[in-house]
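Engineer: This one is structure.txt, compact mmCIF, C-alpha atoms.
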# COMPACT_ATOMS: atom_id res chain seq x y z
CA MET A 490 88.26 133.53 22.60
CA HIS A 491 85.81 130.60 22.66
CA LEU A 492 88.22 127.86 21.62
CA ARG A 493 87.69 124.67 23.57
CA LEU A 494 90.57 122.23 23.89
CA ALA A 495 90.58 118.82 25.45
CA ALA A 496 92.62 118.73 28.65
CA ALA A 497 96.28 119.24 27.79
CA ASP A 498 97.38 116.13 29.62
CA TRP A 499 99.63 113.37 28.33
CA HIS A 500 97.35 113.07 25.28
CA GLY A 501 98.03 116.63 24.17
CA ALA A 502 95.39 119.25 23.38
CA SER A 503 92.81 118.82 20.60
CA PHE A 504 89.92 120.96 19.39
CA THR A 505 86.56 119.76 20.76
CA GLY A 506 84.27 122.68 20.03
CA LEU A 507 83.16 126.11 21.22
CA ALA A 508 82.32 127.19 24.75
CA PRO A 509 79.37 125.28 26.25
CA GLY A 510 76.13 127.05 25.43
CA ALA A 511 77.18 128.25 21.98
CA ARG A 512 74.44 127.91 19.38
CA GLN A 513 76.62 126.13 16.81
CA LEU A 514 77.17 122.39 16.50
CA ALA A 515 79.61 120.53 14.23
CA LEU A 516 78.50 117.15 12.93
CA THR A 517 81.45 114.90 12.04
CA PHE A 518 81.62 111.47 10.41
CA ASP A 519 84.51 109.00 10.66
CA ASP A 520 85.79 106.06 8.59
CA GLY A 521 84.46 106.96 5.14
CA PRO A 522 84.09 107.19 2.31
CA ASN A 523 81.72 104.25 2.32
CA ASP A 524 79.39 102.87 -0.31
CA PRO A 525 76.40 103.13 -0.21
CA ASP A 526 75.92 104.95 3.07
CA THR A 527 78.09 108.03 2.49
CA PRO A 528 76.11 109.02 -0.65
CA ARG A 529 72.86 108.41 1.25
CA LEU A 530 74.14 110.55 4.08
CA LEU A 531 74.96 113.33 1.64
CA GLU A 532 71.34 113.23 0.51
CA VAL A 533 70.13 113.64 4.10
CA LEU A 534 72.47 116.58 4.71
CA ALA A 535 71.42 118.22 1.45
CA ARG A 536 67.75 117.82 2.32
CA HIS A 537 68.31 119.78 5.52
CA GLY A 538 70.79 122.21 3.95
CA VAL A 539 73.37 121.32 6.58
CA PRO A 540 77.18 121.11 6.22
CA ALA A 541 79.26 118.46 7.97
CA THR A 542 82.88 117.34 8.33
CA PHE A 543 84.10 113.96 7.08
CA PHE A 544 87.29 112.37 8.45
CA LEU A 545 88.37 110.11 5.61
CA ILE A 546 90.53 106.98 5.53
CA GLY A 547 93.06 107.32 2.72
CA ARG A 548 92.89 103.78 1.37
CA PHE A 549 89.10 104.04 1.03
CA VAL A 550 89.48 107.39 -0.74
CA ALA A 551 91.86 105.70 -3.18
CA GLU A 552 89.22 103.04 -3.85
CA ARG A 553 86.28 105.45 -4.12
CA PRO A 554 87.64 108.88 -5.12
CA ASP A 555 84.26 109.71 -6.65
CA ILE A 556 82.63 109.73 -3.21
CA ALA A 557 85.39 111.93 -1.78
CA ARG A 558 84.86 114.35 -4.67
CA ALA A 559 81.11 114.35 -4.03
CA ILE A 560 81.66 115.24 -0.38
CA VAL A 561 83.76 118.29 -1.26
CA ALA A 562 81.52 119.28 -4.20
CA ALA A 563 78.56 119.40 -1.81
CA GLY A 564 80.40 121.96 0.33
CA HIS A 565 81.40 119.73 3.23
CA ALA A 566 84.78 119.79 4.98
CA VAL A 567 87.18 116.86 4.90
CA GLY A 568 89.84 115.74 7.34
CA ASN A 569 92.64 113.17 7.55
CA HIS A 570 91.81 109.97 9.46
CA THR A 571 95.08 108.23 8.44
CA HIS A 572 95.58 105.90 5.50
CA THR A 573 94.83 102.50 7.08
CA HIS A 574 93.33 103.41 10.51
CA PRO A 575 96.05 101.95 12.80
CA ASP A 576 96.55 102.66 16.49
CA LEU A 577 99.04 105.49 16.09
CA THR A 578 100.42 105.04 19.60
CA THR A 579 102.05 101.79 18.43
CA LEU A 580 103.85 103.27 15.40
CA VAL A 581 107.43 104.44 15.08
CA PRO A 582 107.82 108.04 13.79
CA ALA A 583 108.48 107.04 10.16
CA ALA A 584 105.35 104.87 10.03
CA LEU A 585 103.27 107.64 11.61
CA GLU A 586 104.47 110.12 9.00
CA GLN A 587 103.68 107.65 6.21
CA GLU A 588 100.11 107.17 7.50
CA LEU A 589 99.49 110.92 7.62
CA ASP A 590 101.12 111.75 4.30
CA ALA A 591 99.53 108.91 2.32
CA ALA A 592 96.05 109.86 3.53
CA SER A 593 96.54 113.56 2.79
CA ARG A 594 97.86 112.74 -0.66
CA ALA A 595 94.92 110.44 -1.45
CA ILE A 596 92.39 113.04 -0.30
CA GLU A 597 94.05 115.84 -2.26
CA ASP A 598 94.40 113.71 -5.40
CA ALA A 599 90.71 112.79 -5.26
CA SER A 600 89.16 116.09 -4.22
CA GLY A 601 91.69 118.82 -4.90
CA VAL A 602 91.62 119.77 -1.20
CA ARG A 603 94.58 119.37 1.15
CA PRO A 604 93.12 118.35 4.54
CA ARG A 605 93.83 120.73 7.39
CA LEU A 606 91.92 118.75 10.03
CA PHE A 607 92.95 115.46 11.62
CA ARG A 608 91.28 112.90 13.86
CA PRO A 609 93.27 109.98 15.32
CA PRO A 610 91.87 106.46 14.84
CA PHE A 611 90.15 105.16 17.99
CA GLY A 612 90.80 108.61 19.48
CA ARG A 613 94.23 107.37 20.57
CA ARG A 614 96.92 110.01 20.59
CA ARG A 615 100.03 111.23 22.37
CA ARG A 616 101.78 114.58 22.43
CA ARG A 617 104.43 113.40 19.96
CA ILE A 618 101.73 112.26 17.54
CA LEU A 619 99.86 115.55 17.67
CA ALA A 620 103.11 117.48 17.27
CA THR A 621 103.72 115.57 14.02
CA VAL A 622 100.15 116.32 12.93
CA ARG A 623 100.54 120.05 13.60
CA ALA A 624 103.89 120.13 11.80
CA ARG A 625 101.94 119.08 8.69
CA GLY A 626 99.56 122.02 9.04
CA MET A 627 96.64 120.04 10.46
CA THR A 628 94.56 120.76 13.57
CA PRO A 629 93.82 117.72 15.79
CA VAL A 630 90.06 117.37 16.33
CA MET A 631 88.33 115.17 18.89
CA TRP A 632 84.71 115.46 20.07
CA ARG A 633 82.62 116.39 23.08
CA ALA A 634 79.53 114.37 22.14
CA ALA A 635 79.30 110.93 20.50
CA GLY A 636 76.35 108.96 19.15
CA TYR A 637 78.02 105.55 19.64
CA ASP A 638 76.42 104.62 16.34
CA TRP A 639 79.11 102.00 15.73
CA LYS A 640 77.32 99.88 18.34
CA ALA A 641 74.47 99.63 15.80
CA GLY A 642 71.81 101.02 18.11
CA TRP A 643 68.43 101.97 16.67
CA GLY A 644 68.18 105.44 15.17
CA ASP A 645 66.01 106.91 17.94
CA HIS A 646 68.45 105.56 20.54
CA ILE A 647 71.32 107.38 18.81
CA VAL A 648 69.28 110.60 18.83
CA ARG A 649 68.49 110.25 22.54
CA THR A 650 72.14 109.50 23.31
CA LEU A 651 73.15 112.82 21.76
CA GLU A 652 70.28 114.74 23.32
CA SER A 653 71.68 113.83 26.74
CA GLN A 654 75.15 115.18 25.86
CA VAL A 655 74.61 118.32 23.80
CA ARG A 656 74.59 121.68 25.57
CA GLY A 657 75.78 123.77 22.63
CA GLY A 658 79.15 124.24 20.93
CA GLU A 659 79.96 120.54 20.64
CA VAL A 660 81.86 118.69 17.97
CA ILE A 661 79.69 115.57 17.52
CA GLN A 662 81.16 112.24 16.44
CA LEU A 663 79.29 109.78 14.21
CA HIS A 664 80.37 107.28 11.52
CA ASP A 665 79.55 106.84 7.85
CA GLY A 666 81.81 103.81 7.42
CA GLY A 667 83.85 101.17 9.22
CA HIS A 668 87.61 101.02 9.34
CA ARG A 669 87.94 97.34 8.43
CA ARG A 670 86.47 97.47 4.93
CA LEU A 671 84.20 99.29 2.53
CA GLY A 672 80.53 98.39 2.61
CA ILE A 673 80.00 98.34 6.38
CA ASP A 674 76.29 98.90 7.08
CA ARG A 675 75.78 102.36 8.59
CA SER A 676 72.17 102.71 7.45
CA ARG A 677 70.92 103.13 11.01
CA GLY A 678 73.29 106.03 11.48
CA VAL A 679 72.08 107.60 8.24
CA ARG A 680 68.48 107.40 9.47
CA ALA A 681 69.53 108.69 12.88
CA THR A 682 71.23 111.69 11.26
CA ASP A 683 67.89 112.79 9.87
CA GLY A 684 66.41 112.67 13.37
CA ILE A 685 69.43 114.42 14.89
CA LEU A 686 69.14 117.29 12.43
CA ARG A 687 65.40 117.65 12.89
CA HIS A 688 65.73 117.73 16.67
CA PHE A 689 68.57 120.20 17.00
CA LEU A 690 67.41 122.51 14.21
CA GLU A 691 64.05 122.72 15.97
CA GLU A 692 65.95 123.59 19.15
CA GLY A 693 67.45 126.57 17.30
CA PHE A 694 70.98 125.27 16.77
CA GLU A 695 73.03 126.00 13.65
CA PHE A 696 75.19 123.31 12.11
CA VAL A 697 78.62 124.32 10.82
CA THR A 698 81.74 122.50 9.67
CA VAL A 699 84.67 122.10 12.04
CA THR A 700 86.54 124.49 9.72
CA GLU A 701 83.87 127.15 10.30
CA MET A 702 83.80 126.42 14.03
CA LEU A 703 87.54 127.02 14.20
CA ARG A 704 87.02 130.35 12.42
CA LEU A 705 84.36 131.28 14.98
CA ALA A 706 86.77 130.35 17.77
CA ASN A 707 89.62 132.37 16.25
CA PRO A 708 88.05 135.19 14.19
CA ALA A 709 91.28 137.20 13.95
CA GLU A 710 93.32 134.39 12.42
CA PRO A 711 93.92 134.58 8.63
CA GLU A 712 92.38 131.88 6.47
CA ALA A 713 94.74 129.05 5.54
CA PRO A 714 95.99 128.98 1.92
CA GLU A 715 94.39 125.59 1.29
CA ALA A 716 90.98 126.78 2.38
CA LEU A 717 88.09 124.36 2.06
CA PRO A 718 85.06 125.21 -0.05
CA GLN A 719 82.42 127.36 1.60
CA PRO A 720 79.95 125.15 3.48
CA VAL A 721 76.34 124.78 2.44
CA LYS A 722 74.23 127.53 4.00
CA PRO A 723 71.15 126.18 5.78
CA ALA A 724 67.98 127.71 4.40
CA ALA A 725 65.73 129.63 6.78
CA GLY A 726 62.42 127.97 7.52
CA PRO A 727 60.20 126.65 10.29
CA GLY A 728 62.35 125.36 13.12
CA ARG A 729 65.50 126.33 11.26
CA PRO A 730 67.58 129.43 12.10
CA ALA A 731 68.29 131.92 9.36
CA ASP A 732 71.94 131.98 8.35
CA ASN A 733 73.15 135.53 8.82
CA ARG A 734 76.85 134.76 8.60
CA PRO A 735 78.94 136.99 6.34
Turn this file's structure into structure tokens for me.

Structural biologist:
Amino acid sequence: MHLRLAAADWHGASFTGLAPGARQLALTFDDGPNDPDTPRLLEVLARHGVPATFFLIGRFVAERPDIARAIVAAGHAVGNHTHTHPDLTTLVPAALEQELDAASRAIEDASGVRPRLFRPPFGRRRRRILATVRARGMTPVMWRAAGYDWKAGWGDHIVRTLESQVRGGEVIQLHDGGHRRLGIDRSRGVRATDGILRHFLEEGFEFVTVTEMLRLANPAEPEAPEALPQPVKPAAGPGRPADNRP
């Protein structure tokens, strides 16, 4: 088994990727959907033929269900990032459940897909929180590499930041939106994503969704009933590995 879990300390265990050195990477984006940068990001991903995973805020999905539908229609995976992006460690159990359920309902209403992945806002979690998440059929997902794109660094700086962290098998965290409101400028991150994909594809890495990475980590496990659409298969070409997955 190649499943990698964050240390099972007082936070509780979360999925962070495959064993170091694996040739797959999972690009993830938090705080969307966001207009106009999520649609622009979808164009970049489509140009490279690469799938990604989007952790969506429920209230933004309710405002822009068309973008959530476009994400799923393009073959990307979606996850629950709560409904209003609160610090979950401050919530009583009933409020926690409401945040999770409202976001899942908004995502399913917009896209037809029930999210089976979850990422806590600010990365803040406790064992009791993750137990509630798992009871709703979702896998907690953190990351092992982050671009810190929310600091609004230049695109090449974001690329270099990830180059220094990636060894293979990582779940990578980026952002296509901001949790305070729609319309946050993530254009630098969109441009950086193009550079990130060029660099790591040339290095021979394959990009997969977190859903696919979990399947690679647990090949004997049956597929969940609410399976996500099949991810976009990257096309073979110069500097890009052929996709020989079944």

Engineer: Give one line per residue of range 504-596 of chain A that approaches range 654-666 of chain A to at most 12 Å, naming the two atoms of the closest pair and their distance in Å to one decimal, counting only C-alpha atoms; sort by chain then ascending residue number and deliver it as JSON lines.

Structural biologist:
{"residue": "A:Phe504", "atom": "CA", "partner": "A:Val660", "partner_atom": "CA", "distance": 8.5}
{"residue": "A:Thr505", "atom": "CA", "partner": "A:Val660", "partner_atom": "CA", "distance": 5.6}
{"residue": "A:Gly506", "atom": "CA", "partner": "A:Glu659", "partner_atom": "CA", "distance": 4.9}
{"residue": "A:Leu507", "atom": "CA", "partner": "A:Gly658", "partner_atom": "CA", "distance": 4.4}
{"residue": "A:Ala508", "atom": "CA", "partner": "A:Gly658", "partner_atom": "CA", "distance": 5.8}
{"residue": "A:Pro509", "atom": "CA", "partner": "A:Gly657", "partner_atom": "CA", "distance": 5.3}
{"residue": "A:Gly510", "atom": "CA", "partner": "A:Gly657", "partner_atom": "CA", "distance": 4.3}
{"residue": "A:Ala511", "atom": "CA", "partner": "A:Gly658", "partner_atom": "CA", "distance": 4.6}
{"residue": "A:Arg512", "atom": "CA", "partner": "A:Gly657", "partner_atom": "CA", "distance": 5.4}
{"residue": "A:Gln513", "atom": "CA", "partner": "A:Gly658", "partner_atom": "CA", "distance": 5.2}
{"residue": "A:Leu514", "atom": "CA", "partner": "A:Gly658", "partner_atom": "CA", "distance": 5.2}
{"residue": "A:Ala515", "atom": "CA", "partner": "A:Val660", "partner_atom": "CA", "distance": 4.7}
{"residue": "A:Leu516", "atom": "CA", "partner": "A:Ile661", "partner_atom": "CA", "distance": 5.0}
{"residue": "A:Thr517", "atom": "CA", "partner": "A:Gln662", "partner_atom": "CA", "distance": 5.1}
{"residue": "A:Phe518", "atom": "CA", "partner": "A:His664", "partner_atom": "CA", "distance": 4.5}
{"residue": "A:Asp519", "atom": "CA", "partner": "A:His664", "partner_atom": "CA", "distance": 4.6}
{"residue": "A:Asp520", "atom": "CA", "partner": "A:Gly666", "partner_atom": "CA", "distance": 4.7}
{"residue": "A:Gly521", "atom": "CA", "partner": "A:Gly666", "partner_atom": "CA", "distance": 4.7}
{"residue": "A:Pro522", "atom": "CA", "partner": "A:Gly666", "partner_atom": "CA", "distance": 6.5}
{"residue": "A:Asn523", "atom": "CA", "partner": "A:Gly666", "partner_atom": "CA", "distance": 5.1}
{"residue": "A:Asp524", "atom": "CA", "partner": "A:Gly666", "partner_atom": "CA", "distance": 8.2}
{"residue": "A:Pro525", "atom": "CA", "partner": "A:Gly666", "partner_atom": "CA", "distance": 9.4}
{"residue": "A:Asp526", "atom": "CA", "partner": "A:Asp665", "partner_atom": "CA", "distance": 6.3}
{"residue": "A:Thr527", "atom": "CA", "partner": "A:Asp665", "partner_atom": "CA", "distance": 5.7}
{"residue": "A:Pro528", "atom": "CA", "partner": "A:Asp665", "partner_atom": "CA", "distance": 9.4}
{"residue": "A:Arg529", "atom": "CA", "partner": "A:Asp665", "partner_atom": "CA", "distance": 9.5}
{"residue": "A:Leu530", "atom": "CA", "partner": "A:Asp665", "partner_atom": "CA", "distance": 7.6}
{"residue": "A:Leu531", "atom": "CA", "partner": "A:Asp665", "partner_atom": "CA", "distance": 10.1}
{"residue": "A:Ala541", "atom": "CA", "partner": "A:Ile661", "partner_atom": "CA", "distance": 10.0}
{"residue": "A:Thr542", "atom": "CA", "partner": "A:Gln662", "partner_atom": "CA", "distance": 9.7}
{"residue": "A:Phe543", "atom": "CA", "partner": "A:Asp665", "partner_atom": "CA", "distance": 8.5}
{"residue": "A:Phe544", "atom": "CA", "partner": "A:His664", "partner_atom": "CA", "distance": 9.1}
{"residue": "A:Leu545", "atom": "CA", "partner": "A:Gly666", "partner_atom": "CA", "distance": 9.3}
{"residue": "A:Ile546", "atom": "CA", "partner": "A:Gly666", "partner_atom": "CA", "distance": 9.5}
{"residue": "A:Phe549", "atom": "CA", "partner": "A:Gly666", "partner_atom": "CA", "distance": 9.7}
{"residue": "A:Val550", "atom": "CA", "partner": "A:Gly666", "partner_atom": "CA", "distance": 11.8}
{"residue": "A:Ile556", "atom": "CA", "partner": "A:Asp665", "partner_atom": "CA", "distance": 11.8}
{"residue": "A:Ile560", "atom": "CA", "partner": "A:Asp665", "partner_atom": "CA", "distance": 11.9}
{"residue": "A:His570", "atom": "CA", "partner": "A:Gly666", "partner_atom": "CA", "distance": 11.9}
{"residue": "A:His574", "atom": "CA", "partner": "A:Gly666", "partner_atom": "CA", "distance": 11.9}

Engineer: Go ahead and write the selection's residues with C-alpha atoms as a PDB file, in the frame of the given file.

Structural biologist:
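Dumped to again-v2.pdb:
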ATOM      1  CA  PHE A 504      89.920 120.960  19.390  1.00  0.00           C
ATOM      2  CA  THR A 505      86.560 119.760  20.760  1.00  0.00           C
ATOM      3  CA  GLY A 506      84.270 122.680  20.030  1.00  0.00           C
ATOM      4  CA  LEU A 507      83.160 126.110  21.220  1.00  0.00           C
ATOM      5  CA  ALA A 508      82.320 127.190  24.750  1.00  0.00           C
ATOM      6  CA  PRO A 509      79.370 125.280  26.250  1.00  0.00           C
ATOM      7  CA  GLY A 510      76.130 127.050  25.430  1.00  0.00           C
ATOM      8  CA  ALA A 511      77.180 128.250  21.980  1.00  0.00           C
ATOM      9  CA  ARG A 512      74.440 127.910  19.380  1.00  0.00           C
ATOM     10  CA  GLN A 513      76.620 126.130  16.810  1.00  0.00           C
ATOM     11  CA  LEU A 514      77.170 122.390  16.500  1.00  0.00           C
ATOM     12  CA  ALA A 515      79.610 120.530  14.230  1.00  0.00           C
ATOM     13  CA  LEU A 516      78.500 117.150  12.930  1.00  0.00           C
ATOM     14  CA  THR A 517      81.450 114.900  12.040  1.00  0.00           C
ATOM     15  CA  PHE A 518      81.620 111.470  10.410  1.00  0.00           C
ATOM     16  CA  ASP A 519      84.510 109.000  10.660  1.00  0.00           C
ATOM     17  CA  ASP A 520      85.790 106.060   8.590  1.00  0.00           C
ATOM     18  CA  GLY A 521      84.460 106.960   5.140  1.00  0.00           C
ATOM     19  CA  PRO A 522      84.090 107.190   2.310  1.00  0.00           C
ATOM     20  CA  ASN A 523      81.720 104.250   2.320  1.00  0.00           C
ATOM     21  CA  ASP A 524      79.390 102.870  -0.310  1.00  0.00           C
ATOM     22  CA  PRO A 525      76.400 103.130  -0.210  1.00  0.00           C
ATOM     23  CA  ASP A 526      75.920 104.950   3.070  1.00  0.00           C
ATOM     24  CA  THR A 527      78.090 108.030   2.490  1.00  0.00           C
ATOM     25  CA  PRO A 528      76.110 109.020  -0.650  1.00  0.00           C
ATOM     26  CA  ARG A 529      72.860 108.410   1.250  1.00  0.00           C
ATOM     27  CA  LEU A 530      74.140 110.550   4.080  1.00  0.00           C
ATOM     28  CA  LEU A 531      74.960 113.330   1.640  1.00  0.00           C
ATOM     29  CA  ALA A 541      79.260 118.460   7.970  1.00  0.00           C
ATOM     30  CA  THR A 542      82.880 117.340   8.330  1.00  0.00           C
ATOM     31  CA  PHE A 543      84.100 113.960   7.080  1.00  0.00           C
ATOM     32  CA  PHE A 544      87.290 112.370   8.450  1.00  0.00           C
ATOM     33  CA  LEU A 545      88.370 110.110   5.610  1.00  0.00           C
ATOM     34  CA  ILE A 546      90.530 106.980   5.530  1.00  0.00           C
ATOM     35  CA  PHE A 549      89.100 104.040   1.030  1.00  0.00           C
ATOM     36  CA  VAL A 550      89.480 107.390  -0.740  1.00  0.00           C
ATOM     37  CA  ILE A 556      82.630 109.730  -3.210  1.00  0.00           C
ATOM     38  CA  ILE A 560      81.660 115.240  -0.380  1.00  0.00           C
ATOM     39  CA  HIS A 570      91.810 109.970   9.460  1.00  0.00           C
ATOM     40  CA  HIS A 574      93.330 103.410  10.510  1.00  0.00           C
TER      41      HIS A 574
END

Engineer: Check the smallest atom-to-atom distance from each of A:Arg553, A:Arg687, A:Arg558, A:Arg615 to Val602 in chain A using all atoms listed in the file, then report the winner.

Structural biologist: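 Using all atoms listed in the file, the shortest distance to Val602 in chain A belongs to A:Arg558.
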
Engineer: Could you tell me which of A:Ala563, A:Thr571, A:Ala634, A:Ile647 comes closest to Glu532 in chain A if we count all atoms listed in the file?

Structural biologist: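 That would be A:Ala563, the residue with the smallest distance to Glu532 in chain A.
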
Engineer: Rounded to one decimal place, report the CA of Thr578 in chain A-CA of Trp639 in chain A distance in Å.

Structural biologist: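 A separation of 21.9 Å between them.
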
Engineer: With all atoms listed in the file as the atoms that count, which of A:Ala583, A:Leu577, A:Ala706, A:Leu534 lies nearest to Thr682 in chain A?

Structural biologist: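 Smallest separation from Thr682 in chain A among the options: A:Leu534.
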
Engineer: Find the distance between CA of Lys640 in chain A and CA of Ala584 in chain A and write it in Å to one decimal.

Structural biologist: 29.7 Å

Engineer: State, in Å with one decimal place, the distance from CA of Ser676 in chain A to CA of Thr650 in chain A.

Structural biologist: 17.3 Å

Engineer: From the set A:Pro609, A:Gly564, A:Gly626, A:Pro604, which residue has the shortest atom-to-atom contact distance to Gly538 in chain A, counting only C-alpha atoms?

Structural biologist: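 Once distances to Gly538 in chain A are computed over only C-alpha atoms, the minimum belongs to A:Gly564.
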
Engineer: Set the distance at 12 Å and use all atoms listed in the file: which residues neighbour Gly684 in chain A once local chain neighbours fewer than 5 positions away are removed? I'd like the list as a PyMOL selection string.

Structural biologist: chain A and resi 533-534+537+643-652+677-679+689-691

Engineer: Hey, which of A:Asn569, A:Asn707, A:Ser600, A:Ser593 ends up closest to Ala557 in chain A? Count all atoms listed in the file.

Structural biologist: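 Of all the options, A:Ser600 lies closest to Ala557 in chain A.
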
Engineer: From the list A:Leu580, A:Met631, A:Ala566, A:Ile618, which residue is nearest Arg603 in chain A when using all atoms listed in the file?

Structural biologist: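 Under the stated criterion, the closest residue is A:Ala566.
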
Engineer: For Met627 in chain A, work out the shell of residues within 12 Å, counting all atoms listed in the file and skipping chain neighbours fewer than 3 positions away, then give it as a ChimeraX atom specification.

Structural biologist: /A:503-504,567-570,589-590,593,603-609,618-624,630,700,713,715-716

Engineer: Take range 677-690 of chain A, model N, CA and C atoms, and hand the result over as a tab-separated table (two decimals), in the frame of the given file.

Structural biologist:
chain	number	residue	atom	x	y	z
A	677	ARG	N	71.60	102.63	9.81
A	677	ARG	CA	70.92	103.13	11.01
A	677	ARG	C	71.43	104.52	11.37
A	678	GLY	N	72.73	104.71	11.20
A	678	GLY	CA	73.29	106.03	11.48
A	678	GLY	C	72.81	107.07	10.50
A	679	VAL	N	72.61	106.66	9.24
A	679	VAL	CA	72.08	107.60	8.24
A	679	VAL	C	70.68	108.03	8.64
A	680	ARG	N	69.85	107.06	9.03
A	680	ARG	CA	68.48	107.40	9.47
A	680	ARG	C	68.51	108.24	10.73
A	681	ALA	N	69.43	107.92	11.64
A	681	ALA	CA	69.53	108.69	12.88
A	681	ALA	C	69.95	110.13	12.60
A	682	THR	N	70.79	110.34	11.59
A	682	THR	CA	71.23	111.69	11.26
A	682	THR	C	70.05	112.58	10.90
A	683	ASP	N	69.09	112.02	10.19
A	683	ASP	CA	67.89	112.79	9.87
A	683	ASP	C	67.18	113.23	11.14
A	684	GLY	N	67.04	112.32	12.10
A	684	GLY	CA	66.41	112.67	13.37
A	684	GLY	C	67.23	113.65	14.19
A	685	ILE	N	68.54	113.49	14.17
A	685	ILE	CA	69.43	114.42	14.89
A	685	ILE	C	69.26	115.83	14.35
A	686	LEU	N	69.26	115.96	13.03
A	686	LEU	CA	69.14	117.29	12.43
A	686	LEU	C	67.78	117.90	12.72
A	687	ARG	N	66.73	117.12	12.60
A	687	ARG	CA	65.40	117.65	12.89
A	687	ARG	C	65.32	118.16	14.32
A	688	HIS	N	65.82	117.36	15.25
A	688	HIS	CA	65.73	117.73	16.67
A	688	HIS	C	66.49	119.01	16.98
A	689	PHE	N	67.75	119.07	16.59
A	689	PHE	CA	68.57	120.20	17.00
A	689	PHE	C	68.30	121.46	16.19
A	690	LEU	N	67.84	121.32	14.95
A	690	LEU	CA	67.41	122.51	14.21
A	690	LEU	C	66.15	123.10	14.85
